[in-house]
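Colleague: Take this structure first; my questions come after.
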Amino acid sequence: MKKLLILQMRPEDEPTESEFETILRIGEIDKNRVHRIRVEQGKEPDVDLEDYFAIIAGGSPFDVSCPPEKKSDAQKQVESFFNHLFDKVIPNDFPFLGACSGNGLLGNYLGSKISRAYGEPIGTVMIHITDAGGKDDLLTGLPSPFRAFVGHKEACDTLPQNAVLLATSDTCPVQMFRIKNNIYATQFHPEADEGEYIVRIRAYKNYGYFPPEEADTLLKEIKGVKTPYSHEVLRRFVAKYKSGPEH
């Protein structure tokens, strides 16, 4: 039986474990059908697409736009791994969903400039579905706009060539896009909820996403926030491909 491959790239254990469990819960994923790889650890793994029905890539504190000389060995390993992975995923139109860092890595691979022009502070924004997005299986029938969690220092400046823009926001023009039929990327976090963001705010308060003294304020601002429609994006992705890729 083929499995879902979940790729993680956070060096910090607590938010990594929280992210993994949240992806499983929000995505309604059977843990027995999951293979998980922490890409930032150890030797670059070799991925055989024949073993999987789809791939989900989570977030990280790494910035693609960071000058090469300032990138850690772990970040360089992550970027190398994903470049090799996309060499296989894109020609095969293999089901892939990259969230936040997964979005930046895919956009960068496809030639989009990644910069800090459209960063969004930790919190939520309203996601607007485009006309094309309204026809996509992951978004059709969802209200526009819908609320989603964000928190990123960089983003795609422009839509990658040959990509379809599926969603946008007032502060970040490329919130979700699709390549071919089965390759997706979101700048927002479809897996995130209040509990997950509590963990991230505490873990990353000294990472430059926000002034550390604002952590308590951010925790209060997300209290009770619900993002059911962004969660639906993740659930639909898993449901669409668990019986086999669509081409």
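So you can find residues: chains in the structure tokens are A, B, ... in the order shown, residues in each start at 1, and ligands are numbered from 1 in order.
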Using only C-alpha atoms, tabulate the residues of stretch 173-229 of chain A lying at most 9 Å from any atom of stretch 143-157 of chain A, each with its closest atom pair and that distance in Å to one decimal, by chain and increasing residue number, as JSON lines.
Modeller:
```
{"residue": "A:Pro173", "atom": "CA", "partner": "A:Asp157", "partner_atom": "CA", "distance": 7.7}
{"residue": "A:Val174", "atom": "CA", "partner": "A:Cys156", "partner_atom": "CA", "distance": 6.4}
{"residue": "A:Gln175", "atom": "CA", "partner": "A:Ala155", "partner_atom": "CA", "distance": 8.7}
{"residue": "A:Gln187", "atom": "CA", "partner": "A:Ala155", "partner_atom": "CA", "distance": 7.2}
{"residue": "A:Phe188", "atom": "CA", "partner": "A:Val150", "partner_atom": "CA", "distance": 4.9}
{"residue": "A:His189", "atom": "CA", "partner": "A:Phe149", "partner_atom": "CA", "distance": 5.6}
{"residue": "A:Pro190", "atom": "CA", "partner": "A:Ala148", "partner_atom": "CA", "distance": 7.0}
{"residue": "A:Glu191", "atom": "CA", "partner": "A:Phe149", "partner_atom": "CA", "distance": 8.8}
{"residue": "A:Ala192", "atom": "CA", "partner": "A:Phe149", "partner_atom": "CA", "distance": 6.4}
{"residue": "A:Asp193", "atom": "CA", "partner": "A:Phe149", "partner_atom": "CA", "distance": 7.3}
{"residue": "A:Glu194", "atom": "CA", "partner": "A:Phe149", "partner_atom": "CA", "distance": 8.8}
{"residue": "A:Tyr197", "atom": "CA", "partner": "A:Phe149", "partner_atom": "CA", "distance": 8.3}
{"residue": "A:Gly208", "atom": "CA", "partner": "A:Lys153", "partner_atom": "CA", "distance": 8.3}
{"residue": "A:Tyr209", "atom": "CA", "partner": "A:Lys153", "partner_atom": "CA", "distance": 6.6}
{"residue": "A:Lys226", "atom": "CA", "partner": "A:Arg147", "partner_atom": "CA", "distance": 8.0}
{"residue": "A:Thr227", "atom": "CA", "partner": "A:Ala148", "partner_atom": "CA", "distance": 5.5}
{"residue": "A:Pro228", "atom": "CA", "partner": "A:Arg147", "partner_atom": "CA", "distance": 8.1}
{"residue": "A:Tyr229", "atom": "CA", "partner": "A:Phe146", "partner_atom": "CA", "distance": 6.4}
```
Colleague: Would you give me, as a Markdown table, each residue of stretch 16-80 of chain A having an atom within 7 Å of an atom of stretch 100-112 of chain A, along with its shortest atom pair and that distance in Å to one decimal, using only C-alpha atoms and sorting by chain and residue number?
Modeller:
```
| residue | atom | partner | partner_atom | distance |
| --- | --- | --- | --- | --- |
| A:Ala57 | CA | A:Gly102 | CA | 5.5 |
| A:Gly58 | CA | A:Gly102 | CA | 6.1 |
| A:Gly59 | CA | A:Ser101 | CA | 4.6 |
| A:Ser60 | CA | A:Ser101 | CA | 5.8 |
| A:Val64 | CA | A:Gly104 | CA | 6.9 |
```
Colleague: Give me the residues within 12 Å of A:Gly134 as a compact mmCIF listing (two decimals) with C-alpha atoms, in the first residue's frame, counting only C-alpha atoms and dropping any in the same chain fewer than 6 places off.
Modeller:
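Wrote out-v8.txt, looks like this:
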```txt
# COMPACT_ATOMS: atom_id res chain seq x y z
CA HIS A 128 -9.43 35.54 -1.64
CA THR A 140 -14.43 24.91 -5.09
CA GLY A 141 -17.44 25.82 -2.97
CA LEU A 142 -15.40 27.44 -0.19
CA PRO A 143 -16.35 31.00 0.81
CA SER A 144 -14.21 33.81 -0.50
CA PRO A 145 -12.61 35.28 1.44
CA VAL A 164 -2.26 28.97 -12.08
CA LEU A 165 -3.02 31.51 -9.35
CA LEU A 166 -5.65 30.01 -7.05
CA ALA A 167 -5.74 32.43 -4.12
```
Colleague: When you draw a straight line from atom CA of A:Met176 to atom CA of A:Pro61, how long is it in Å?
Modeller: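 Between atom CA of A:Met176 and atom CA of A:Pro61 the gap is 19.5 Å.
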Colleague: Suppose you want the space between atom CA of A:Lys240 and atom CA of A:Phe82; what is it in Å?
Modeller: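 Between atom CA of A:Lys240 and atom CA of A:Phe82 the gap works out to 23.0 Å.
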Colleague: Using only C-alpha atoms, which residues sit within 9 Å of stretch 6-23 of chain A once same-chain residues fewer than 4 positions away are excluded, as an NGL selection string?
Modeller: :A and (27-29 or 34-41 or 54-62 or 74-75 or 78 or 101 or 190-193 or 195-196 or 199-200 or 203 or 234)
Colleague: Convert the current residue selection to file output with C-alpha atoms, as an mmCIF file, in the first residue's frame.
Modeller:
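Contents of selection.cif, as written:
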```
data_model
loop_
_atom_site.group_PDB
_atom_site.id
_atom_site.type_symbol
_atom_site.label_atom_id
_atom_site.label_comp_id
_atom_site.auth_asym_id
_atom_site.auth_seq_id
_atom_site.Cartn_x
_atom_site.Cartn_y
_atom_site.Cartn_z
ATOM 1 C CA GLY A 27 -5.823 16.320 7.354
ATOM 2 C CA GLU A 28 -7.680 13.343 8.860
ATOM 3 C CA ILE A 29 -4.701 11.173 7.954
ATOM 4 C CA VAL A 34 2.403 7.948 6.537
ATOM 5 C CA HIS A 35 6.141 7.997 5.974
ATOM 6 C CA ARG A 36 7.784 10.976 7.620
ATOM 7 C CA ILE A 37 11.206 12.451 6.829
ATOM 8 C CA ARG A 38 12.935 15.288 8.686
ATOM 9 C CA VAL A 39 14.899 16.634 5.759
ATOM 10 C CA GLU A 40 17.245 18.811 7.797
ATOM 11 C CA GLN A 41 18.694 15.823 9.618
ATOM 12 C CA ALA A 54 1.254 12.143 -2.465
ATOM 13 C CA ILE A 55 3.710 14.454 -0.688
ATOM 14 C CA ILE A 56 3.094 17.199 1.884
ATOM 15 C CA ALA A 57 5.910 19.602 2.795
ATOM 16 C CA GLY A 58 5.636 21.747 5.913
ATOM 17 C CA GLY A 59 7.218 24.991 7.019
ATOM 18 C CA SER A 60 10.579 26.017 8.447
ATOM 19 C CA PRO A 61 12.477 29.015 9.837
ATOM 20 C CA PHE A 62 14.731 29.035 6.753
ATOM 21 C CA ALA A 74 20.990 22.257 7.365
ATOM 22 C CA GLN A 75 19.346 24.856 5.144
ATOM 23 C CA VAL A 78 17.047 21.184 2.651
ATOM 24 C CA SER A 101 8.467 27.077 3.098
ATOM 25 C CA PRO A 190 -3.711 24.978 5.887
ATOM 26 C CA GLU A 191 -2.607 22.731 8.743
ATOM 27 C CA ALA A 192 -2.409 25.416 11.418
ATOM 28 C CA ASP A 193 -4.804 26.147 14.251
ATOM 29 C CA GLY A 195 -2.874 25.343 19.419
ATOM 30 C CA GLU A 196 -0.233 24.942 16.732
ATOM 31 C CA VAL A 199 3.711 26.424 20.003
ATOM 32 C CA ARG A 200 5.228 28.344 17.073
ATOM 33 C CA ALA A 203 9.409 28.543 19.730
ATOM 34 C CA LEU A 234 -5.514 20.149 3.437
#
```
Colleague: For stretch 47-50 of chain A, please output as number ranges by chain all residues within 9 Å (counting only C-alpha atoms; exclusion window: fewer than 5 positions along the same chain).
Modeller: A: 2, 85, 88-89, 94
Colleague: I need the residues from that last selection saved to file as an mmCIF file, in the first residue's frame (with N, CA and C atoms), if you can.
Modeller:
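Writing done, so here's part21.cif:
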```cif
data_model
loop_
_atom_site.group_PDB
_atom_site.id
_atom_site.type_symbol
_atom_site.label_atom_id
_atom_site.label_comp_id
_atom_site.auth_asym_id
_atom_site.auth_seq_id
_atom_site.Cartn_x
_atom_site.Cartn_y
_atom_site.Cartn_z
ATOM 1 N N LYS A 2 0.578 2.158 -0.917
ATOM 2 C CA LYS A 2 1.358 3.379 -0.984
ATOM 3 C C LYS A 2 1.041 4.293 0.191
ATOM 4 N N LEU A 85 14.148 16.731 -5.526
ATOM 5 C CA LEU A 85 12.785 16.192 -5.487
ATOM 6 C C LEU A 85 11.926 16.787 -6.597
ATOM 7 N N LYS A 88 11.929 15.407 -10.009
ATOM 8 C CA LYS A 88 11.107 14.223 -10.256
ATOM 9 C C LYS A 88 9.614 14.546 -10.178
ATOM 10 N N VAL A 89 9.236 15.379 -9.220
ATOM 11 C CA VAL A 89 7.818 15.683 -8.994
ATOM 12 C C VAL A 89 7.197 16.386 -10.192
ATOM 13 N N PHE A 94 3.433 14.865 -10.061
ATOM 14 C CA PHE A 94 3.148 14.042 -8.885
ATOM 15 C C PHE A 94 2.475 14.875 -7.803
#
```
Colleague: Just how far from atom CA of A:Phe237 is atom CA of A:Asn83, in Å to one decimal?
Modeller: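 About the pair atom CA of A:Asn83 and atom CA of A:Phe237: they are 22.2 Å apart.
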Colleague: I need the residues of stretch 9-197 of chain A that end up classed as strand (DSSP E or B) by DSSP on the backbone, written out as a PyMOL selection string.
Modeller: chain A and resi 34-38+52-57+96-99+114-115+120-129+146-152+155-156+163-168+176-179+183-186+189
Colleague: I need the residues of stretch 53-179 of chain A that end up classed as alpha helix (DSSP H) by DSSP on the backbone, written out as a ChimeraX atom specification.
Modeller: /A:73-89,101-109
